[in-house]
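Asks: A single structure is presented below for examination.
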Amino acid sequence: MYRFFLTLAIMLPLSVQCFSAEADIRKVLIRDVTTVEGVRENPLLGYGMVVGLNGTGDRRQTAFSTQTLANILQRMGVQIPAGSARVNNVAAVFVTANLPAFARPGMNLDVTVSSVGDAKSLEGGLLLLTPLHGADGQIYGAAQGPVAVGGYSAAVAGNLRQLNHPTVGRIPGGGVVERDTALDLGKLQPLSLLLSEPNFSTAEEIAGSINREFGTQVALADDSRRVEISSAAAHIASLPAFLARVENLSVLVHRRAKVVINERTGTVVMGKDVRLGAVAILHGNFSIEITTEFSVSQPAPLSRGETALVPQPNVRTEETPARRIELGEGAKVEQLVNGLQAIGATARDVIAILQAIKAAGALEADLEVI
């Protein structure tokens, strides 16, 4: 059976998820919209082995698993040929973690374990001691422990049942920091605050709020992303105390109207402050369905004919009248969603429709595709 669908759509789907946002301007704490420049996490990466699997590990053709297993056994004083090792109960994995700012030796880290080879599941496995390297190649931590998998995979007689991703797991607190990476705040003078979303108005609001708090020129907005602050101008010797006081100040944040769409899932998120210009929307469907049914043709008795399958194609066309939505100048998201539900538009239409509205200049918001 073959089906072909031609869809004519000018604007907007039904399964649009709209999350109401607050007003365009709202009051928040500085710590919620900024970070201190230079104070950040650093990714760590390691390669190791998970053992103790119940026959769900890498297969014999996974060469790097057998080589790794042979190398580990060699360090333990056991000499075996790499090609003779069976790896059904072990799996080669990559181990990742984030090294937080001001990390000290002995601190615990949460690590994520991901299969590298063709293992079916890491359920019940134990990660062997694995060094964690930074981008500079230095070892900053080590990880070891039982792997917690949020899923499972079971197969019997060709039937498979799988929940979530059993080849990825986590070890809460399974990593340990081995190198002191604590940052000296004194070396960051002058301090700078980085906005999570660039905005000149918000940067000026942050600088103004800090200056009013300390009664002097302490902060200066360099651009839409960066605000420079000086603890010396505030006459505060303790940098942590100064930053704590700054981060707890409230400021008015100016948000840009934005529409975010996800092409993979058909999800659309629009803030309540998004406005539409005057626009007319037409939505209609024209479909062509071709169905092929097979019947059996039997030859006459005692004849030399052969039984054959005879295809019988059927063609059916269907066209629905175009439905129309009209939105006035400054229409809100609620009006748009109600109109979409009225015409029965689908979620998969949303991407093309929103892009068309943006191209027509009727969408008063930034359109971001993720």
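Every chain in the structure tokens takes a letter, A first, then B, and so on in the order presented; its residues are numbered from 1, and the ligands are numbered from 1 following the presented order.
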Give me the segment 215-322 of chain A side of the contact with segment 351-359 of chain A, cut-off 8 Å, one line per residue showing its nearest atom pair and distance in Å at one decimal, counting only C-alpha atoms, sorted by chain and residue number, as CSV.
Replies:
residue,atom,partner,partner_atom,distance
A:Ile261,CA,A:Ile351,CA,6.9
A:Glu263,CA,A:Ile351,CA,6.9
A:Gly266,CA,A:Ile351,CA,7.4
Asks: Which polymer residues have any atom within 9 Å of an atom of Asn88 of chain A, counting only C-alpha atoms, with same-chain residues fewer than 5 positions away left out, as a PyMOL selection string?
Replies: chain A and resi 53-60+119
Asks: Create the file for the chosen residues now, containing N, CA and C atoms and written as an mmCIF file, in the first residue's frame.
Replies:
data_model
loop_
_atom_site.group_PDB
_atom_site.id
_atom_site.type_symbol
_atom_site.label_atom_id
_atom_site.label_comp_id
_atom_site.auth_asym_id
_atom_site.auth_seq_id
_atom_site.Cartn_x
_atom_site.Cartn_y
_atom_site.Cartn_z
ATOM 1 N N LEU A 53 29.029 -7.546 34.256
ATOM 2 C CA LEU A 53 27.794 -7.580 33.485
ATOM 3 C C LEU A 53 27.341 -9.024 33.273
ATOM 4 N N ASN A 54 26.046 -9.197 33.120
ATOM 5 C CA ASN A 54 25.472 -10.535 32.972
ATOM 6 C C ASN A 54 25.346 -10.886 31.482
ATOM 7 N N GLY A 55 26.496 -11.013 30.820
ATOM 8 C CA GLY A 55 26.497 -11.377 29.409
ATOM 9 C C GLY A 55 26.031 -10.283 28.473
ATOM 10 N N THR A 56 25.921 -9.043 28.965
ATOM 11 C CA THR A 56 25.440 -7.933 28.127
ATOM 12 C C THR A 56 26.567 -6.990 27.729
ATOM 13 N N GLY A 57 27.821 -7.431 27.895
ATOM 14 C CA GLY A 57 28.956 -6.571 27.587
ATOM 15 C C GLY A 57 29.321 -6.583 26.123
ATOM 16 N N ASP A 58 30.535 -6.088 25.824
ATOM 17 C CA ASP A 58 31.013 -6.016 24.445
ATOM 18 C C ASP A 58 31.221 -7.413 23.874
ATOM 19 N N ARG A 59 31.117 -7.508 22.566
ATOM 20 C CA ARG A 59 31.340 -8.781 21.900
ATOM 21 C C ARG A 59 32.826 -8.969 21.615
ATOM 22 N N ARG A 60 33.172 -10.164 21.172
ATOM 23 C CA ARG A 60 34.578 -10.505 20.988
ATOM 24 C C ARG A 60 35.223 -9.685 19.877
ATOM 25 N N ALA A 119 28.063 -3.087 23.668
ATOM 26 C CA ALA A 119 27.404 -3.672 24.829
ATOM 27 C C ALA A 119 25.906 -3.400 24.772
#
Asks: Provide the atom CA of Ala237 of chain A to atom CA of Ala207 of chain A distance in Å, to one decimal place.
Replies: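 Separation of atom CA of Ala237 of chain A and atom CA of Ala207 of chain A: 20.1 Å.
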Asks: From a DSSP pass on the backbone, collect the residues of segment 25-148 of chain A flagged as alpha helix (DSSP H) and hand them back as a count of residues only.
Replies: 17
